[in-house]
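Asks: Next up is a structure, given as structure tokens.
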Amino acid sequence: MGILYDDLVIVRHSEKEGEPSVITVNCPDKTGLGCDLCRIILFFGLFIDRVDLSTDGKWCYLVFWVVGKPTTRWGLLKKRLVEACPSCSSASGISFYTELQPPKPPDVFLLKLCCYDRRGLLHDVTEVLCELELVIKKVKVSTTPEGKVMDLFFITDTRELLHTKKRQQDTYDHLKEVTGNALINCDIEMIGPEATACSQGPSFLPHEITDGMLNLEMLDEQQSGYLPPDSVSITMDNLLSPGHTLVQIVCRDHKGLLYDIMRTLKDYNIQISYGRFSTKRKTECELDLFIMQTDGKKIVDPSKQSALRSRLWMELCRPLRVALVSRGPDTELLVANPVELSGKGRPLVFHDITLALKMLKTGIFSAEIGRHMIGDREWEVYRVLLDEGDGLSVPREKIEQAVWKMLMGWE
């Protein structure tokens with residue numbers, strides 16, 4: 001007998017507030033599955049307290065102990081986790097489901113929103129789009145001298161329904177509710193994928209962002225609270241297991257930490273056979289991973305070990321880049337994060353940027369999101385021109401620190 005569809009993911013809710021709920025995933029294995037699951041959990045805003053995972057290369061078993069929020073949509077979370085699981089037919093021997101074809105690129109839509117400006121408007125709109133599972137691929141925001149805002153959101157729909165009148169009307173209703181009388185016009189149309197294409201080169205990026213993208217030694221531990229390299233311990237051992245390389249990591253916890261580790265292993269095409277993750281006092285974490293290459297062998301090549309260790313170090317010390325720079329008389333906030341080789345960006349970055357600025361009561365004059373090839377990697381870059389009015393009332397260092405802490409979950 002094969003496993004039932006509803007049993008692929010089981011959620012057992014905590015009995016007391018603040019205690020972890022338990023998510024069990026039992027499904028066929030694939031390289032990068034842990035990354036895909038952690039990305040979904042990050043998108044839903046859950047804190048991962050512990051993880052146990054094991055696989056024989058064909059079937060995997062993962063247990064996540066997570067702490068949710070009163071607003072967590074557990075039913076939708078389970079649905080998204082089930083969708084990320086591979087088909088069961090190959091592992092069970094019984095064809096319960098049709099094998100999935102390689103997914104086609106999602107349709108891209110242009111959401112044009114014209115409103116009267118007010119403090120925190122951009123974050124409120126961004127939060128609505130996140131709740132509706134509309135993924136922001138690119139954005140252009142500008143403010144007119146008359147106090148009007150034109151927002152251009154290039155989005156994809158996780159539910160793949162935005163081409164329907166019902167879904168578009170539901171989106172409009174939610175935006176109308178949050179903007180109120182400030183809303184002037186709202187329009188949604190399908191466009192081509194070239195609108196979100198990646199551009200080449202970091203020509204406009206200042207050294208505050210590009211420094212350290214490719215070289216760990218250029219990290220500045222004083223800048224924006226970045227973790228110094230010696231605060232992260234990564235060891236590799238090939239003696240403990242006859243068939244696996246053991247990777248042990250000890251570091252400070254941050255929002256999306258497990259996603260950053262799994263994303264790196266996925267990009268390197270590394271398979272995890274067994275792993276255990278735990279946190280202490282929600283500040284420090286320890287991770288043991290027994291890994292191997294796709295050929296089923298250990299990582300014994302010193303150059304491969306060094307490359308993997310350096311990349312993990314980089315992702316744990318600086319999973320994102322944050323800088324506040326001068327653009328003539330103006331001040332611009334820049335945030336950059338690496339994109340997965342699969343093309344997926346980091347969830348909730350724009351949401352957290354706008355939330356931090358809203359909490360600081362700092363206005364946004366314009367904003368853009370774009371993708372750029374820097375070295376051999378694709379980066380998602382957020383550019384936010386701050387509305388200074390009669391002058392920037394909040395010190396630059398405080399803005400930079402606040403955005404960094406919000407992105408890292410240290411607020």
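Residues in the structure tokens are numbered from 1 in each chain, the chains being A, B, ... in the order shown, and ligands are numbered from 1 in the order shown.
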I want to know what sits within 12 Å of region 392-406 of chain A, based on only C-alpha atoms, with residues of the same chain fewer than 6 positions away left out; could you give that as a ChimeraX atom specification?
Replies: /A:208,222-227,254-256,318-326,329-336,348-364,384-386
Asks: Write out as a tab-separated table (two decimals) with C-alpha atoms, in the first residue's frame each polymer residue whose atoms come within 7 Å of region 300-314 of chain A, counting only C-alpha atoms; drop sequence neighbours fewer than 2 positions from it.
Replies:
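The file below, out-v4.tsv, is the result:
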chain	number	residue	atom	x	y	z
A	216	LEU	CA	34.81	36.46	2.87
A	229	PRO	CA	33.74	35.14	10.52
A	232	VAL	CA	30.68	30.88	13.00
A	234	ILE	CA	32.12	24.98	10.57
A	261	ILE	CA	22.19	26.37	4.75
A	264	THR	CA	23.68	26.47	-0.29
A	298	LYS	CA	32.09	11.63	0.44
A	316	LEU	CA	25.84	32.49	7.73
A	317	CYS	CA	27.80	35.70	8.32
A	318	ARG	CA	26.07	37.79	5.66
Asks: If I take CA of Pro338 (chain A) and CA of Arg377 (chain A), how far is one from the other in Å, to one decimal?
Replies: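 CA of Pro338 (chain A) sits 7.1 Å away from CA of Arg377 (chain A).
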Asks: Env of Asn269 (chain A): 7 Å cut, atoms = only C-alpha atoms, seq-sep filter 3 positions within chain, self excluded. Answer as number ranges by chain.
Replies: A: 31, 265-266, 294
Asks: Identify which of the residues A:Gln293, A:Thr143, A:Thr55, A:Ser233 lies closest to Ile270 (chain A), counting only C-alpha atoms when measuring atom-to-atom distances.
Replies: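 Selected residue with least distance to Ile270 (chain A): A:Gln293.
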Asks: Pick out each residue of region 181-404 of chain A that DSSP on the backbone tags as strand (DSSP E); I need them as a ChimeraX atom specification.
Replies: /A:183-191,199-200,233-237,245-252,271-280,284-292,321-327,330-338,363-374,377-387
Asks: For each of A:Glu368, A:Pro242, A:Leu257, A:Ser231, take the minimum atom-to-atom distance to Phe154 (chain A), counting only C-alpha atoms, then give the residue where this is smallest.
Replies: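 Using only C-alpha atoms, Phe154 (chain A) sits closest to A:Glu368.
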Asks: Select, from A:Leu287, A:Ile369, A:Val63, A:Leu110, the residue with the minimum atom-to-atom distance to Val25 (chain A), counting only C-alpha atoms.
Replies: A:Val63
Asks: At what distance in Å, to one decimal, does CA of Met190 (chain A) lie from CA of Asp173 (chain A)?
Replies: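 Rounded to one decimal, the two atoms are 18.9 Å apart.
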Asks: Could you check which of A:Glu378, A:Glu15, A:Asp56, A:Asp157 is closest to Cys27 (chain A), using only C-alpha atoms?
Replies: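 Checking each of A:Glu378, A:Glu15, A:Asp56, A:Asp157 against Cys27 (chain A), counting only C-alpha atoms, the winner is A:Asp56.
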